[in-house]
Amino acid sequence: MNYSKGIIAKIVILFVFFTSNGVSQVIIDSSFYVKPGYLNNWEFFNEDNSRIKDTSYPSSNNYLNSPYFKADSFDVKKINNVIWFRKKIRLDTSLKDQALSLSIEINGAADFYIDQKLVNSFGTVSDKEDNEELVSSRIQRIFYPFVPGKYYLIAIRYSNHHFEESFDDRGKNAFGLKIKLEESNNLFDELFSSTLSSFAFGIIISVFFFSLCFVHFVIFLYYKEEKANLYYAFFCLTAATIAGASVVRPFAYYDNIANALSISIALAPALIFTLLPYMIRSFFKLNFPKWYYSFTALFVCVILFMFFFMPFWGGAYFVLVAASVIETIRSIIIAIKRKIKGVKIISIGTSFFLIFIIVILFFIVFQINAKTSNYELGLAFLFLILLCIFSIPISITIFLSYQISLTNRSLSQKLVEVEELSIQTIEQEKEKQKILLNQKSMLEEQVLARTQEITEQKKIIEEKNKDIIDSINYAKRIQTAILPDMNFFKSVFKDSFVIYHPRDIVSGDFYYVTEINNLKILFIADCTGHGVPGALMSMVGSNLIHKIIHENKIVEPKEILQTLHVELRQALKQNQNDSQNRDGMDAAIVVLKGDELFYAGANRSLLYFNKVNELCEVKPTKTPIGGSHIMTIDIAQSVLNIKDIKEFYLFSDGFADQFGGVGSNDKYAAGKKLMISRFKNWLAETLNYTLEDKEKFLITEFKKWKGDLEQVDDVCVICVRPN
């Protein structure tokens with residue numbers, strides 16, 4: 001009979017103890033208990049001295065029949081803020097096998113000491129009203145491993161600043177504690193009467209779950225895609241924690257260790273119920289409802305908050321348990337509807353677990369009493385507990401074995417299919433080899449003939465390409481001959497340089513310089529297109545500008561551009577109504593006359609540095625030269641004083657339109673155009689350079705900017721220092 005009691009006690013310690021109200025620091029040793037009855041004749045100390053709990057401290061001459069009394073029967077105002085009660089007891093050896101508990105009804109806050117050791121605290125005892133935490137009219141219970149025949153000193157440190165708010169069952173003010181040693185008839189209380197005999201069995205259960213935790217966690221580390229192993233590892237770890245803490249807890253006489261074990265026992269089941277739905281869902285590869293993640297996190301936080309800061313937290317616990325049970329059952333039903341293989345195995349094991357949990361909760365909620373002498377009830381209870389402990393691990397083991405068997409069957413079937421496919425593939429490869437052998441000679445003949453044909457075509461293409469390149473190179477010589485000779489250019493503008501880089505062999509950019517009637521004229525143009533088409537336009541433009549200046553004797557910049565527009569339209573027959581030719585050019589012209597500089601531009605501006613080193617820009621007229629859609633153009637003309645000009649620039653858009661910037665210091669410039677703004681910055685940077693250094697700098701920076709990219713357009717930049 002006692003053996004049955006011990007076995008039942010050790011199992012219930014694992015799964016029921018967490019339902020205790022609050023964080024009760026209960027120290028249990030059910031081998032011996034004191035004799036039932038109220039404890040009377042207490043020593044009363046109207047002082048706060050920690051030595052009172054020591055047996056060497058002198059006895060008090062003030063005795064109370066009970067440490068509990070009504071406030072109107074005792075002058076409470078004369079009592080110190082913190083007081084002590086003390087009583088020395090001796091245990092009767094006849095109580096060795098008796099199931100007893102120490103029942104305490106408290107109004108206020110108290111610390112209980114047995115043989116100088118703090119065994120429990122109810123509320124917070126303090127000599128300051130603000131720091132005190134009270135427990136009112138609540139019956140608490142203390143278990144302690146008493147030894148029959150031995151003397152024990154019970155000392156109680158007590159405070160109650162709010163005694164006027166503490167009332168007894170008749171509504172009158174009450175002060176102190178009622179302490180009673182009573183017989184425990186409740187099934188769950190009596191199950192704690194044989195803790196020592198349950199130690200070995202509890203260790204076995206703890207090791208069992210720790211082993212499962214280790215195995216499945218290692219499996220998860222090697223196969224992280226299967227998160228079910230991680231959930232199950234935490235599940236087993238929690239169960240092992242409850243088992244181990246419940247077994248070790250009765251032997252923990254140090255308060256911090258006892259508190260930690262009690263907290264782990266009380267809170268670990270919350271993790272079990274939290275993990276259960278996740279684990280079941282992961283086994284069946286079911287997506288979890290998004291709201292459930294927030295729900296579980298919220299309720300775990302609520303339970304933790306209420307556990308540490310509020311006296312009643314069982315309600316939140318039961319909400320979490322109910323939600324977990326409902327979600328687990330719902331997940332199993334979904335898996336059954338989807339006909340997932342192995343769902344029946346998991347559902348049976350989970351059902352056993354949930355059914356027993358419901359039975360345990362039913363017993364706890366309604367406090368069903370039963371004598372331990374009821375041998376049949378004890379065996380039934382033990383059997384159900386064993387089913388609860390091993391139902392889920394056994395079902396999961398069977399499920400995993402079943403999954404492995406399915407995998408092996410599938411692999412065996414796949415191997416047979418692979419062998420059959422291999423035989424078919426080998427036969428097909430043999431047929432292909434025969435076909436390839438027959439086709440090889442035919443392909444070799446065809447390849448030889450095709451190669452000879454391609455070789456002949458290559459020779460023809462190379463000859464034609466050579467002819468084209470020779471023609472273009474010859475055209476380049478013609479274009480170079482038409483452009484002003486550099487010696488002549490230097491004779492007109494002594495301090496100057498020209499950067500002229502065609503995109504192809506020949507260029508659509510050209511420039512013209514001449515000196516007539518003491519006038520120095522510099523003209524630059526960017527024709528439509530580049531390469532051969534652009535070069536043809538440049539030759540037409542170069543002849544027309546020479547004719548306008550030297551034959552027509554027109555030297556005003558704006559008149560030159562306006563006349564060039566008319567002449568170019570006539571030359572390209574753009575003045576005819578059915579003309580589709582819209583080719584033209586952008587141009588700028590500068591005429592130096594005495595101390596004055598005359599400028600006119602069609603889509604090409606003039607840049608110059610003044611005497612105070614400011615970079616200035618004269619905007620052009622927004623119109624092109626030529627084109628069939630414009631009959632006549634009106635060009636604006638600007639006049640500048642040469643004495644105010646340090647150097648000026650005429651240029652095409654070849655610099656500004658160039659893509660690049662990969663090697664630039666500006667990380668945002670990569671892949672972008674150079675733009676006129678960056679060109680201006682380069683000019684400003686080289687203001688005090690010599691013309692030779694300035695020319696080298698612009699060419700070098702342009703090449704760096706371009707990098708490995710192709711040149712976008714023809715480039716022409718002319719710099720002149722007029723003084």
# chains A, B, ... in the order shown; residues from 1 in each chain; ligands from 1
call {"tool": "residues_around", "arguments": {"residues": "stretch 679-683 of chain A", "least_positions_apart": "6", "cutoff": "9 Å", "atoms": "only C-alpha atoms", "output": "list in words"}}
result
Leu607, Leu615, Phe655, Ala656, Lys694, Phe697, Leu698 and Glu701 of chain A
call {"tool": "write_last_selection", "arguments": {"atoms": "C-alpha atoms", "output": "PDB file, in the first residue's frame"}}
result
ATOM      1  CA  LEU A 607      32.783  79.746 -72.077  1.00  0.00           C
ATOM      2  CA  LEU A 615      33.994  81.083 -65.345  1.00  0.00           C
ATOM      3  CA  PHE A 655      32.820  65.775 -73.801  1.00  0.00           C
ATOM      4  CA  ALA A 656      29.454  66.352 -72.107  1.00  0.00           C
ATOM      5  CA  LYS A 694      45.764  72.106 -69.614  1.00  0.00           C
ATOM      6  CA  PHE A 697      44.912  67.252 -68.296  1.00  0.00           C
ATOM      7  CA  LEU A 698      41.650  67.416 -70.308  1.00  0.00           C
ATOM      8  CA  GLU A 701      40.674  63.035 -67.543  1.00  0.00           C
TER       9      GLU A 701
END
call {"tool": "residues_around", "arguments": {"residues": "stretch 77-89 of chain A", "least_positions_apart": "5", "cutoff": "10 Å", "atoms": "only C-alpha atoms", "output": "ChimeraX atom specification"}}
result
/A:34,39-50,52-53,55,59-60,63-64,66-67,71,109-115,125-129,149-161,176-177
call {"tool": "atom_distance", "arguments": {"atom1": "atom CA of A:Arg503", "atom2": "atom CA of A:Ala588"}}
result
20.6 Å
call {"tool": "closest_residue", "arguments": {"among": "A:His162, A:Arg450, A:Lys117, A:Lys703", "to": "A:His501", "atoms": "only C-alpha atoms"}}
result
A:Lys703
call {"tool": "atom_distance", "arguments": {"atom1": "atom CA of A:Ser395", "atom2": "atom CA of A:Ile345"}}
result
5.8 Å
call {"tool": "select_by_dssp", "arguments": {"residues": "stretch 339-521 of chain A", "states": "alpha helix (DSSP H)", "output": "PyMOL selection string"}}
result
chain A and resi 343-366+375-482+486-492
call {"tool": "residues_around", "arguments": {"residues": "A:Gly654", "least_positions_apart": "6", "cutoff": "12 Å", "atoms": "only C-alpha atoms", "output": "PyMOL selection string"}}
result
chain A and resi 499-503+507-509+525-527+529-530+604+673-676+679+702+706+711-717
call {"tool": "write_last_selection", "arguments": {"atoms": "N, CA, C and O atoms", "output": "mmCIF file, in the first residue's frame"}}
result
data_model
loop_
_atom_site.group_PDB
_atom_site.id
_atom_site.type_symbol
_atom_site.label_atom_id
_atom_site.label_comp_id
_atom_site.auth_asym_id
_atom_site.auth_seq_id
_atom_site.Cartn_x
_atom_site.Cartn_y
_atom_site.Cartn_z
ATOM 1 N N ILE A 499 41.749 70.229 -79.203
ATOM 2 C CA ILE A 499 41.568 68.799 -78.944
ATOM 3 C C ILE A 499 40.560 68.292 -79.967
ATOM 4 O O ILE A 499 39.389 68.706 -79.952
ATOM 5 N N TYR A 500 41.017 67.428 -80.862
ATOM 6 C CA TYR A 500 40.168 66.975 -81.972
ATOM 7 C C TYR A 500 40.273 65.446 -82.041
ATOM 8 O O TYR A 500 41.274 64.908 -82.504
ATOM 9 N N HIS A 501 39.233 64.720 -81.530
ATOM 10 C CA HIS A 501 39.231 63.258 -81.487
ATOM 11 C C HIS A 501 37.958 62.735 -82.147
ATOM 12 O O HIS A 501 36.890 62.737 -81.522
ATOM 13 N N PRO A 502 38.026 62.293 -83.391
ATOM 14 C CA PRO A 502 36.838 61.705 -84.030
ATOM 15 C C PRO A 502 36.431 60.414 -83.308
ATOM 16 O O PRO A 502 37.279 59.691 -82.780
ATOM 17 N N ARG A 503 35.139 60.155 -83.293
ATOM 18 C CA ARG A 503 34.689 58.888 -82.720
ATOM 19 C C ARG A 503 35.126 57.736 -83.606
ATOM 20 O O ARG A 503 35.568 56.689 -83.134
ATOM 21 N N SER A 507 35.387 62.533 -88.870
ATOM 22 C CA SER A 507 34.598 63.189 -87.827
ATOM 23 C C SER A 507 33.490 64.047 -88.420
ATOM 24 O O SER A 507 33.603 64.564 -89.547
ATOM 25 N N GLY A 508 32.410 64.215 -87.645
ATOM 26 C CA GLY A 508 31.341 65.144 -87.995
ATOM 27 C C GLY A 508 31.562 66.503 -87.383
ATOM 28 O O GLY A 508 30.780 67.431 -87.637
ATOM 29 N N ASP A 509 32.595 66.657 -86.521
ATOM 30 C CA ASP A 509 32.969 67.967 -85.982
ATOM 31 C C ASP A 509 34.043 68.576 -86.885
ATOM 32 O O ASP A 509 34.921 67.865 -87.402
ATOM 33 N N ALA A 525 31.867 73.721 -85.482
ATOM 34 C CA ALA A 525 30.545 73.169 -85.798
ATOM 35 C C ALA A 525 30.494 71.690 -85.444
ATOM 36 O O ALA A 525 31.505 70.984 -85.511
ATOM 37 N N ASP A 526 29.314 71.263 -85.054
ATOM 38 C CA ASP A 526 29.029 69.853 -84.734
ATOM 39 C C ASP A 526 27.915 69.414 -85.672
ATOM 40 O O ASP A 526 26.746 69.752 -85.467
ATOM 41 N N CYS A 527 28.277 68.649 -86.720
ATOM 42 C CA CYS A 527 27.314 68.263 -87.751
ATOM 43 C C CYS A 527 26.468 67.081 -87.293
ATOM 44 O O CYS A 527 26.844 66.317 -86.406
ATOM 45 N N GLY A 529 25.203 63.535 -87.098
ATOM 46 C CA GLY A 529 25.852 62.262 -87.344
ATOM 47 C C GLY A 529 27.336 62.323 -87.077
ATOM 48 O O GLY A 529 27.901 63.343 -86.694
ATOM 49 N N HIS A 530 27.986 61.167 -87.310
ATOM 50 C CA HIS A 530 29.428 61.063 -87.165
ATOM 51 C C HIS A 530 29.908 60.025 -88.162
ATOM 52 O O HIS A 530 29.110 59.418 -88.897
ATOM 53 N N ARG A 604 25.396 76.180 -79.540
ATOM 54 C CA ARG A 604 26.725 75.992 -78.957
ATOM 55 C C ARG A 604 27.121 77.281 -78.233
ATOM 56 O O ARG A 604 27.121 78.359 -78.835
ATOM 57 N N LYS A 673 26.478 60.281 -67.719
ATOM 58 C CA LYS A 673 27.152 61.176 -68.650
ATOM 59 C C LYS A 673 28.089 62.113 -67.896
ATOM 60 O O LYS A 673 27.862 62.435 -66.726
ATOM 61 N N LEU A 674 29.124 62.596 -68.631
ATOM 62 C CA LEU A 674 30.074 63.512 -68.024
ATOM 63 C C LEU A 674 29.400 64.844 -67.681
ATOM 64 O O LEU A 674 29.648 65.405 -66.615
ATOM 65 N N MET A 675 28.523 65.349 -68.561
ATOM 66 C CA MET A 675 27.729 66.566 -68.366
ATOM 67 C C MET A 675 28.620 67.808 -68.430
ATOM 68 O O MET A 675 29.815 67.791 -68.131
ATOM 69 N N ILE A 676 27.973 68.927 -68.823
ATOM 70 C CA ILE A 676 28.687 70.202 -68.995
ATOM 71 C C ILE A 676 29.195 70.732 -67.664
ATOM 72 O O ILE A 676 30.223 71.404 -67.598
ATOM 73 N N PHE A 679 32.532 69.225 -66.932
ATOM 74 C CA PHE A 679 33.494 69.806 -67.866
ATOM 75 C C PHE A 679 33.933 71.189 -67.373
ATOM 76 O O PHE A 679 35.116 71.544 -67.419
ATOM 77 N N PHE A 702 39.486 62.857 -69.664
ATOM 78 C CA PHE A 702 38.445 62.310 -70.548
ATOM 79 C C PHE A 702 38.636 60.808 -70.743
ATOM 80 O O PHE A 702 37.671 60.028 -70.707
ATOM 81 N N LYS A 706 36.051 57.880 -69.617
ATOM 82 C CA LYS A 706 35.520 56.943 -70.603
ATOM 83 C C LYS A 706 35.843 55.511 -70.217
ATOM 84 O O LYS A 706 34.998 54.604 -70.347
ATOM 85 N N GLN A 711 33.681 55.472 -77.231
ATOM 86 C CA GLN A 711 33.444 56.909 -77.349
ATOM 87 C C GLN A 711 32.087 57.135 -77.998
ATOM 88 O O GLN A 711 31.759 56.540 -79.024
ATOM 89 N N VAL A 712 31.280 57.993 -77.385
ATOM 90 C CA VAL A 712 29.900 58.195 -77.829
ATOM 91 C C VAL A 712 29.822 59.086 -79.058
ATOM 92 O O VAL A 712 29.070 58.816 -79.998
ATOM 93 N N ASP A 713 30.591 60.178 -79.093
ATOM 94 C CA ASP A 713 30.466 61.177 -80.160
ATOM 95 C C ASP A 713 31.842 61.748 -80.469
ATOM 96 O O ASP A 713 32.818 61.505 -79.744
ATOM 97 N N ASP A 714 31.897 62.508 -81.569
ATOM 98 C CA ASP A 714 33.132 63.194 -81.929
ATOM 99 C C ASP A 714 33.421 64.279 -80.900
ATOM 100 O O ASP A 714 32.504 64.903 -80.348
ATOM 101 N N VAL A 715 34.701 64.518 -80.636
ATOM 102 C CA VAL A 715 35.127 65.486 -79.629
ATOM 103 C C VAL A 715 35.937 66.589 -80.294
ATOM 104 O O VAL A 715 36.859 66.309 -81.076
ATOM 105 N N CYS A 716 35.557 67.838 -79.965
ATOM 106 C CA CYS A 716 36.339 68.987 -80.450
ATOM 107 C C CYS A 716 36.268 70.082 -79.386
ATOM 108 O O CYS A 716 35.173 70.537 -79.020
ATOM 109 N N VAL A 717 37.426 70.491 -78.842
ATOM 110 C CA VAL A 717 37.522 71.559 -77.849
ATOM 111 C C VAL A 717 38.642 72.494 -78.284
ATOM 112 O O VAL A 717 39.763 72.051 -78.553
#
call {"tool": "closest_residue", "arguments": {"among": "A:Glu429, A:Glu559, A:Glu444, A:Glu567", "to": "A:Gly601", "atoms": "only C-alpha atoms"}}
result
A:Glu559
call {"tool": "residues_around", "arguments": {"residues": "A:Ser103", "least_positions_apart": "6", "cutoff": "6 Å", "atoms": "only C-alpha atoms", "output": "short mmCIF file (atom, residue, chain, number, x, y, z; two decimals) with all heavy atoms, in the first residue's frame"}}
result
data_model
loop_
_atom_site.label_atom_id
_atom_site.label_comp_id
_atom_site.auth_asym_id
_atom_site.auth_seq_id
_atom_site.Cartn_x
_atom_site.Cartn_y
_atom_site.Cartn_z
N GLN A 140 -2.30 28.94 3.76
CA GLN A 140 -1.11 28.44 3.12
C GLN A 140 -0.70 27.13 3.80
O GLN A 140 -1.17 26.80 4.89
CB GLN A 140 0.02 29.46 3.21
CG GLN A 140 -0.32 30.83 2.66
CD GLN A 140 -0.43 30.83 1.14
OE1 GLN A 140 0.01 29.88 0.50
NE2 GLN A 140 -1.02 31.89 0.59
N ARG A 141 0.21 26.40 3.16
CA ARG A 141 0.63 25.12 3.72
C ARG A 141 2.14 24.99 3.58
O ARG A 141 2.72 25.37 2.56
CB ARG A 141 -0.06 23.96 3.01
CG ARG A 141 0.31 22.58 3.55
CD ARG A 141 -0.60 21.52 2.98
NE ARG A 141 -1.95 21.73 3.46
CZ ARG A 141 -3.03 21.13 2.94
NH1 ARG A 141 -2.89 20.31 1.93
NH2 ARG A 141 -4.23 21.36 3.43
N ILE A 179 -2.09 28.83 13.18
CA ILE A 179 -1.20 27.77 12.72
C ILE A 179 -1.75 26.45 13.24
O ILE A 179 -1.92 26.26 14.44
CB ILE A 179 0.23 27.99 13.21
CG1 ILE A 179 0.72 29.37 12.77
CG2 ILE A 179 1.15 26.91 12.68
CD1 ILE A 179 2.06 29.74 13.33
N LYS A 180 -2.02 25.53 12.30
CA LYS A 180 -2.64 24.26 12.65
C LYS A 180 -1.93 23.13 11.93
O LYS A 180 -1.64 23.21 10.73
CB LYS A 180 -4.12 24.28 12.25
CG LYS A 180 -4.88 23.02 12.63
CD LYS A 180 -6.33 23.14 12.20
CE LYS A 180 -7.13 21.90 12.57
NZ LYS A 180 -8.55 21.99 12.12
#
call {"tool": "atom_distance", "arguments": {"atom1": "atom CA of A:Pro533", "atom2": "atom CA of A:Lys476"}}
result
12.4 Å
call {"tool": "residues_around", "arguments": {"residues": "A:Asn723", "least_positions_apart": "4", "cutoff": "10 Å", "atoms": "only C-alpha atoms", "output": "JSON, numbers by chain"}}
result
{"A": [493, 494, 495, 595, 642, 643, 644, 645, 646, 647]}
call {"tool": "closest_residue", "arguments": {"among": "A:Asn438, A:Asn131, A:Thr397, A:Ser331", "to": "A:Gly349", "atoms": "only C-alpha atoms"}}
result
A:Thr397
call {"tool": "residues_around", "arguments": {"residues": "A:Ile554", "least_positions_apart": "2", "cutoff": "12 Å", "atoms": "only C-alpha atoms", "output": "count of residues only"}}
result
23
call {"tool": "closest_residue", "arguments": {"among": "A:Tyr144, A:Phe235, A:Tyr38, A:Phe208", "to": "A:Leu181", "atoms": "only C-alpha atoms"}}
result
A:Tyr38
call {"tool": "closest_residue", "arguments": {"among": "A:Met631, A:Ile468, A:Phe497, A:Leu483", "to": "A:Asp693", "atoms": "only C-alpha atoms"}}
result
A:Phe497
